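Worksheet for the structure shown next.
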Amino acid sequence: MIGRPRGFDADAALDRALEVFWRQGYEGASLSDLTEAMGINKTSMYAAFGNKRELFGKALVRYAEVDMAYARDALAAPTARGVAETFLRENAKAVTTPDRPPGCFSIQGGLSCGPDNAEVTATLALARKGGELAMRDRFRRAIEDSDLGPENDPDDLARYIMTVSEGLAVHASAGATREELTRTVEIALRAFP
């Protein structure tokens, strides 16, 4: 038996849920906030996306695919320096995109969750760590290819770039402008080999 087709655009609804989680955090986003923003009722939300935690997981995947696409582009840069420059410059743009909440979903989404939702904080930390490990692997290849000198530690370089990018996101959420963050990126890049 074929069910009724959905009466809403699932991707658009997911984008609106992502924005609610981004602005309000996991714990601050009530089911009523989510369904109102998504333009659907709770039954439709559960049928299409599962419970709140599952919806959050889908929103995180969507964020990685759409809002973090610049990270994949950065990792494909031909040099380690290009990776760092592209990642940080594009990050400064991403965290100050006019039609999105300021900052970073993976930072704002769950850093302040209580013990009952510690898994949300852990999931977001794991996602950020995944980005750091991908960058570390790219810097390892740069050392193997003699693009970076062997005296450079790829773990430290990746952690440095991620720490700067996370700091950019925190400052963007506090109101820093794109121009201010771009100047910060230029200073940070002076320390990159």
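Every chain in the structure tokens has a letter given in the order shown (A, B, ...), and although residue numbers restart at 1 in each chain, ligands are simply numbered from 1 in the order shown.
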Quick one: everything within 10 Å of Ala37 of chain A, counting only C-alpha atoms, minus sequence neighbours fewer than 4 positions away in the same chain. Send it as a list of chain:residue names.
-> A:Ala13, A:Leu14, A:Asp15, A:Arg16, A:Ala17, A:Leu18, A:Glu19, A:Val20, A:Leu31, A:Ser32, A:Asp33
Just the selected residues (all heavy atoms), exported as a PDB file, in the first residue's frame, please.
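New file again-v6.pdb:
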ATOM      1  N   ALA A  13      11.803  22.144   5.070  1.00  0.00           N
ATOM      2  CA  ALA A  13      11.453  21.988   6.486  1.00  0.00           C
ATOM      3  C   ALA A  13      12.696  21.695   7.313  1.00  0.00           C
ATOM      4  O   ALA A  13      12.867  22.248   8.419  1.00  0.00           O
ATOM      5  CB  ALA A  13      10.420  20.878   6.649  1.00  0.00           C
ATOM      6  N   LEU A  14      13.583  20.854   6.798  1.00  0.00           N
ATOM      7  CA  LEU A  14      14.823  20.534   7.508  1.00  0.00           C
ATOM      8  C   LEU A  14      15.698  21.780   7.632  1.00  0.00           C
ATOM      9  O   LEU A  14      16.298  22.016   8.691  1.00  0.00           O
ATOM     10  CB  LEU A  14      15.567  19.413   6.794  1.00  0.00           C
ATOM     11  CG  LEU A  14      16.809  18.869   7.487  1.00  0.00           C
ATOM     12  CD1 LEU A  14      16.510  18.381   8.904  1.00  0.00           C
ATOM     13  CD2 LEU A  14      17.411  17.738   6.653  1.00  0.00           C
ATOM     14  N   ASP A  15      15.770  22.588   6.593  1.00  0.00           N
ATOM     15  CA  ASP A  15      16.540  23.832   6.661  1.00  0.00           C
ATOM     16  C   ASP A  15      15.997  24.756   7.747  1.00  0.00           C
ATOM     17  O   ASP A  15      16.762  25.396   8.475  1.00  0.00           O
ATOM     18  CB  ASP A  15      16.521  24.565   5.316  1.00  0.00           C
ATOM     19  CG  ASP A  15      17.405  23.905   4.271  1.00  0.00           C
ATOM     20  OD1 ASP A  15      18.328  23.145   4.655  1.00  0.00           O
ATOM     21  OD2 ASP A  15      17.183  24.159   3.075  1.00  0.00           O
ATOM     22  N   ARG A  16      14.684  24.815   7.874  1.00  0.00           N
ATOM     23  CA  ARG A  16      14.087  25.679   8.906  1.00  0.00           C
ATOM     24  C   ARG A  16      14.342  25.116  10.308  1.00  0.00           C
ATOM     25  O   ARG A  16      14.584  25.871  11.252  1.00  0.00           O
ATOM     26  CB  ARG A  16      12.607  25.884   8.617  1.00  0.00           C
ATOM     27  CG  ARG A  16      12.396  26.758   7.366  1.00  0.00           C
ATOM     28  CD  ARG A  16      10.961  27.207   7.179  1.00  0.00           C
ATOM     29  NE  ARG A  16      10.040  26.128   6.865  1.00  0.00           N
ATOM     30  CZ  ARG A  16       9.774  25.681   5.640  1.00  0.00           C
ATOM     31  NH1 ARG A  16      10.351  26.226   4.605  1.00  0.00           N
ATOM     32  NH2 ARG A  16       8.911  24.694   5.469  1.00  0.00           N
ATOM     33  N   ALA A  17      14.311  23.786  10.439  1.00  0.00           N
ATOM     34  CA  ALA A  17      14.635  23.176  11.737  1.00  0.00           C
ATOM     35  C   ALA A  17      16.096  23.437  12.087  1.00  0.00           C
ATOM     36  O   ALA A  17      16.424  23.760  13.245  1.00  0.00           O
ATOM     37  CB  ALA A  17      14.361  21.674  11.698  1.00  0.00           C
ATOM     38  N   LEU A  18      16.972  23.305  11.109  1.00  0.00           N
ATOM     39  CA  LEU A  18      18.391  23.592  11.313  1.00  0.00           C
ATOM     40  C   LEU A  18      18.571  25.000  11.865  1.00  0.00           C
ATOM     41  O   LEU A  18      19.304  25.225  12.827  1.00  0.00           O
ATOM     42  CB  LEU A  18      19.153  23.427   9.991  1.00  0.00           C
ATOM     43  CG  LEU A  18      20.569  23.980   9.903  1.00  0.00           C
ATOM     44  CD1 LEU A  18      21.492  23.310  10.893  1.00  0.00           C
ATOM     45  CD2 LEU A  18      21.106  23.816   8.490  1.00  0.00           C
ATOM     46  N   GLU A  19      17.869  25.949  11.281  1.00  0.00           N
ATOM     47  CA  GLU A  19      17.999  27.330  11.737  1.00  0.00           C
ATOM     48  C   GLU A  19      17.514  27.507  13.174  1.00  0.00           C
ATOM     49  O   GLU A  19      18.116  28.239  13.957  1.00  0.00           O
ATOM     50  CB  GLU A  19      17.253  28.270  10.795  1.00  0.00           C
ATOM     51  CG  GLU A  19      17.576  29.714  11.103  1.00  0.00           C
ATOM     52  CD  GLU A  19      17.276  30.645   9.955  1.00  0.00           C
ATOM     53  OE1 GLU A  19      17.584  30.309   8.798  1.00  0.00           O
ATOM     54  OE2 GLU A  19      16.744  31.727  10.247  1.00  0.00           O
ATOM     55  N   VAL A  20      16.436  26.823  13.544  1.00  0.00           N
ATOM     56  CA  VAL A  20      15.945  26.901  14.923  1.00  0.00           C
ATOM     57  C   VAL A  20      16.999  26.338  15.881  1.00  0.00           C
ATOM     58  O   VAL A  20      17.331  26.960  16.901  1.00  0.00           O
ATOM     59  CB  VAL A  20      14.595  26.159  15.088  1.00  0.00           C
ATOM     60  CG1 VAL A  20      14.207  26.066  16.569  1.00  0.00           C
ATOM     61  CG2 VAL A  20      13.501  26.863  14.292  1.00  0.00           C
ATOM     62  N   LEU A  31       9.721  21.505  20.680  1.00  0.00           N
ATOM     63  CA  LEU A  31       9.013  20.872  19.566  1.00  0.00           C
ATOM     64  C   LEU A  31       8.070  21.871  18.902  1.00  0.00           C
ATOM     65  O   LEU A  31       7.926  21.886  17.681  1.00  0.00           O
ATOM     66  CB  LEU A  31       8.249  19.637  20.030  1.00  0.00           C
ATOM     67  CG  LEU A  31       9.091  18.417  20.369  1.00  0.00           C
ATOM     68  CD1 LEU A  31       8.212  17.276  20.873  1.00  0.00           C
ATOM     69  CD2 LEU A  31       9.897  17.963  19.158  1.00  0.00           C
ATOM     70  N   SER A  32       7.449  22.726  19.704  1.00  0.00           N
ATOM     71  CA  SER A  32       6.558  23.744  19.137  1.00  0.00           C
ATOM     72  C   SER A  32       7.333  24.733  18.274  1.00  0.00           C
ATOM     73  O   SER A  32       6.870  25.103  17.188  1.00  0.00           O
ATOM     74  CB  SER A  32       5.825  24.496  20.253  1.00  0.00           C
ATOM     75  OG  SER A  32       4.992  23.614  20.958  1.00  0.00           O
ATOM     76  N   ASP A  33       8.513  25.157  18.728  1.00  0.00           N
ATOM     77  CA  ASP A  33       9.352  26.054  17.927  1.00  0.00           C
ATOM     78  C   ASP A  33       9.709  25.395  16.600  1.00  0.00           C
ATOM     79  O   ASP A  33       9.657  26.021  15.539  1.00  0.00           O
ATOM     80  CB  ASP A  33      10.661  26.393  18.652  1.00  0.00           C
ATOM     81  CG  ASP A  33      10.469  27.201  19.919  1.00  0.00           C
ATOM     82  OD1 ASP A  33       9.465  27.912  20.041  1.00  0.00           O
ATOM     83  OD2 ASP A  33      11.360  27.096  20.798  1.00  0.00           O
TER      84      ASP A  33
END
What's the 9 Å shell around Leu168 of chain A, counting only C-alpha atoms, without same-chain residues fewer than 5 positions away, as a list in words?
->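 Using only C-alpha atoms, the neighbours found are Leu88, Asn91, Ala92, Val95, Gly103, Cys104, Thr163, Ser173, Ala176, Leu181, Thr184 and Val185 of chain A.
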With all heavy atoms retained, export the selected residues as a CSV table (one decimal), in the first residue's frame.
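Saved the output as out-v3.csv:
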chain,number,residue,atom,x,y,z
A,88,LEU,N,40.1,29.1,6.3
A,88,LEU,CA,39.9,30.2,7.3
A,88,LEU,C,39.2,31.3,6.6
A,88,LEU,O,38.2,31.9,7.2
A,88,LEU,CB,41.2,30.6,7.9
A,88,LEU,CG,41.8,29.6,8.9
A,88,LEU,CD1,43.1,30.2,9.4
A,88,LEU,CD2,40.8,29.3,10.0
A,91,ASN,N,35.6,30.3,6.1
A,91,ASN,CA,35.0,30.2,7.4
A,91,ASN,C,34.5,31.5,7.8
A,91,ASN,O,33.4,31.7,8.3
A,91,ASN,CB,35.9,29.5,8.4
A,91,ASN,CG,35.3,29.4,9.8
A,91,ASN,OD1,35.7,30.2,10.6
A,91,ASN,ND2,34.4,28.5,10.0
A,92,ALA,N,35.4,32.5,7.7
A,92,ALA,CA,35.0,33.9,8.1
A,92,ALA,C,33.7,34.4,7.3
A,92,ALA,O,32.9,35.0,7.9
A,92,ALA,CB,36.1,34.9,7.9
A,95,VAL,N,30.5,32.1,8.7
A,95,VAL,CA,30.0,32.4,10.0
A,95,VAL,C,29.3,33.8,10.0
A,95,VAL,O,28.8,34.2,11.1
A,95,VAL,CB,31.0,32.3,11.1
A,95,VAL,CG1,31.5,30.8,11.2
A,95,VAL,CG2,32.2,33.2,11.0
A,103,GLY,N,27.7,32.8,13.4
A,103,GLY,CA,28.4,31.7,14.1
A,103,GLY,C,28.3,30.4,13.4
A,103,GLY,O,28.1,30.3,12.2
A,104,CYS,N,28.4,29.3,14.2
A,104,CYS,CA,28.5,28.0,13.6
A,104,CYS,C,27.5,27.1,14.3
A,104,CYS,O,27.4,27.0,15.6
A,104,CYS,CB,29.9,27.5,13.9
A,104,CYS,SG,30.2,25.7,13.5
A,163,THR,N,41.0,25.6,15.9
A,163,THR,CA,40.8,26.5,17.0
A,163,THR,C,40.5,27.9,16.5
A,163,THR,O,39.6,28.6,17.1
A,163,THR,CB,42.0,26.4,17.9
A,163,THR,OG1,42.2,25.1,18.4
A,163,THR,CG2,41.9,27.4,19.1
A,173,SER,N,29.1,35.1,16.4
A,173,SER,CA,27.8,35.0,17.1
A,173,SER,C,27.7,36.1,18.1
A,173,SER,O,26.6,36.5,18.5
A,173,SER,CB,27.7,33.6,17.8
A,173,SER,OG,28.6,33.5,18.9
A,176,ALA,N,30.8,40.1,15.8
A,176,ALA,CA,32.0,40.6,15.0
A,176,ALA,C,31.6,40.5,13.5
A,176,ALA,O,30.8,39.7,13.1
A,176,ALA,CB,33.2,39.6,15.2
A,181,LEU,N,36.6,39.7,11.2
A,181,LEU,CA,37.1,38.3,11.2
A,181,LEU,C,38.1,38.1,10.1
A,181,LEU,O,39.1,37.3,10.3
A,181,LEU,CB,35.9,37.4,11.1
A,181,LEU,CG,34.9,37.4,12.2
A,181,LEU,CD1,33.8,36.5,12.0
A,181,LEU,CD2,35.6,37.2,13.6
A,184,THR,N,41.4,39.1,11.3
A,184,THR,CA,41.9,38.1,12.2
A,184,THR,C,42.5,36.9,11.5
A,184,THR,O,43.5,36.4,11.9
A,184,THR,CB,40.7,37.6,13.2
A,184,THR,OG1,40.2,38.7,13.9
A,184,THR,CG2,41.2,36.5,14.1
A,185,VAL,N,41.8,36.5,10.4
A,185,VAL,CA,42.3,35.4,9.6
A,185,VAL,C,43.7,35.7,9.1
A,185,VAL,O,44.6,34.9,9.1
A,185,VAL,CB,41.3,35.0,8.4
A,185,VAL,CG1,42.0,34.1,7.4
A,185,VAL,CG2,40.1,34.4,9.0
Rank nothing, just name the residue among A:Thr177, A:Gly130, A:Ala69, A:Val83 nearest to Phe192 of chain A, using only C-alpha atoms.
->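 Once distances to Phe192 of chain A are computed over only C-alpha atoms, the minimum belongs to A:Val83.
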Would you kindly return, as a ChimeraX atom specification, each protein, DNA or RNA residue with an atom no farther than 10 Å from any atom of Gln24 of chain A, considering only C-alpha atoms and excluding same-chain residues fewer than 2 positions away?
-> /A:18-22,26-30,33,105,108-110
Write the residues of the selection above to a file with N, CA and C atoms, as a PDB file, in the first residue's frame.
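Once everything was written out, this is out_31.pdb:
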ATOM      1  N   LEU A  18      16.972  23.305  11.109  1.00  0.00           N
ATOM      2  CA  LEU A  18      18.391  23.592  11.313  1.00  0.00           C
ATOM      3  C   LEU A  18      18.571  25.000  11.865  1.00  0.00           C
ATOM      4  N   GLU A  19      17.869  25.949  11.281  1.00  0.00           N
ATOM      5  CA  GLU A  19      17.999  27.330  11.737  1.00  0.00           C
ATOM      6  C   GLU A  19      17.514  27.507  13.174  1.00  0.00           C
ATOM      7  N   VAL A  20      16.436  26.823  13.544  1.00  0.00           N
ATOM      8  CA  VAL A  20      15.945  26.901  14.923  1.00  0.00           C
ATOM      9  C   VAL A  20      16.999  26.338  15.881  1.00  0.00           C
ATOM     10  N   PHE A  21      17.534  25.171  15.569  1.00  0.00           N
ATOM     11  CA  PHE A  21      18.573  24.586  16.421  1.00  0.00           C
ATOM     12  C   PHE A  21      19.787  25.507  16.483  1.00  0.00           C
ATOM     13  N   TRP A  22      20.155  26.099  15.377  1.00  0.00           N
ATOM     14  CA  TRP A  22      21.320  26.975  15.294  1.00  0.00           C
ATOM     15  C   TRP A  22      21.124  28.200  16.182  1.00  0.00           C
ATOM     16  N   TYR A  26      20.150  23.041  20.976  1.00  0.00           N
ATOM     17  CA  TYR A  26      19.315  21.845  21.042  1.00  0.00           C
ATOM     18  C   TYR A  26      18.282  21.957  22.159  1.00  0.00           C
ATOM     19  N   GLU A  27      18.733  22.291  23.351  1.00  0.00           N
ATOM     20  CA  GLU A  27      17.812  22.331  24.481  1.00  0.00           C
ATOM     21  C   GLU A  27      16.841  23.491  24.393  1.00  0.00           C
ATOM     22  N   GLY A  28      17.259  24.594  23.787  1.00  0.00           N
ATOM     23  CA  GLY A  28      16.387  25.760  23.674  1.00  0.00           C
ATOM     24  C   GLY A  28      15.320  25.622  22.608  1.00  0.00           C
ATOM     25  N   ALA A  29      15.468  24.668  21.710  1.00  0.00           N
ATOM     26  CA  ALA A  29      14.513  24.463  20.620  1.00  0.00           C
ATOM     27  C   ALA A  29      13.412  23.519  21.081  1.00  0.00           C
ATOM     28  N   SER A  30      12.222  24.054  21.306  1.00  0.00           N
ATOM     29  CA  SER A  30      11.100  23.196  21.702  1.00  0.00           C
ATOM     30  C   SER A  30      10.483  22.560  20.468  1.00  0.00           C
ATOM     31  N   ASP A  33       8.513  25.157  18.728  1.00  0.00           N
ATOM     32  CA  ASP A  33       9.352  26.054  17.927  1.00  0.00           C
ATOM     33  C   ASP A  33       9.709  25.395  16.600  1.00  0.00           C
ATOM     34  N   PHE A 105      26.688  26.357  13.553  1.00  0.00           N
ATOM     35  CA  PHE A 105      25.699  25.428  14.100  1.00  0.00           C
ATOM     36  C   PHE A 105      26.345  24.410  15.036  1.00  0.00           C
ATOM     37  N   GLN A 108      27.118  26.442  18.349  1.00  0.00           N
ATOM     38  CA  GLN A 108      25.947  26.929  19.065  1.00  0.00           C
ATOM     39  C   GLN A 108      24.905  25.848  19.346  1.00  0.00           C
ATOM     40  N   GLY A 109      24.889  24.812  18.537  1.00  0.00           N
ATOM     41  CA  GLY A 109      23.834  23.815  18.632  1.00  0.00           C
ATOM     42  C   GLY A 109      23.767  23.035  19.923  1.00  0.00           C
ATOM     43  N   GLY A 110      24.865  22.902  20.640  1.00  0.00           N
ATOM     44  CA  GLY A 110      24.791  22.046  21.814  1.00  0.00           C
ATOM     45  C   GLY A 110      25.896  22.176  22.821  1.00  0.00           C
TER      46      GLY A 110
END
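You can rank A:Pro102, A:Gly57, A:Gly7, A:Gly82 by their closest distance to Met38 of chain A using only C-alpha atoms, and at the top of that list sits A:Gly7.
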Which is closer to Asn51 of chain A than all the others in A:Leu34, A:Ala77, A:Ile143, A:Cys113, using only C-alpha atoms?
-> A:Leu34
Could you give me, as a list of chain:residue names, the residues within 10 Å of segment 132-134 of chain A, counting only C-alpha atoms and dropping anything in the same chain fewer than 2 positions from it?
->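 The filter keeps A:Ala71, A:Arg72, A:Leu75, A:Leu126, A:Ala127, A:Arg128, A:Lys129, A:Gly130, A:Arg136, A:Asp137, A:Arg138, A:Phe139, A:Arg140, A:Pro154, A:Asp155, A:Asp156, A:Leu157, A:Ala158, A:Arg159, A:Tyr160, A:Ile161, A:Met162, A:Thr163.
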Test item, helix (DSSP H, G or I) assignment across segment 40-184 of chain A, answer as a PyMOL selection string = chain A and resi 42-49+52-66+69-75+80-94+105-108+115-144+154-173+178-184
Between atom CA of Thr121 of chain A and atom CA of Met135 of chain A, what is the spacing in Å?
->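 One can read the atom CA of Met135 of chain A to atom CA of Thr121 of chain A distance as 21.4 Å.
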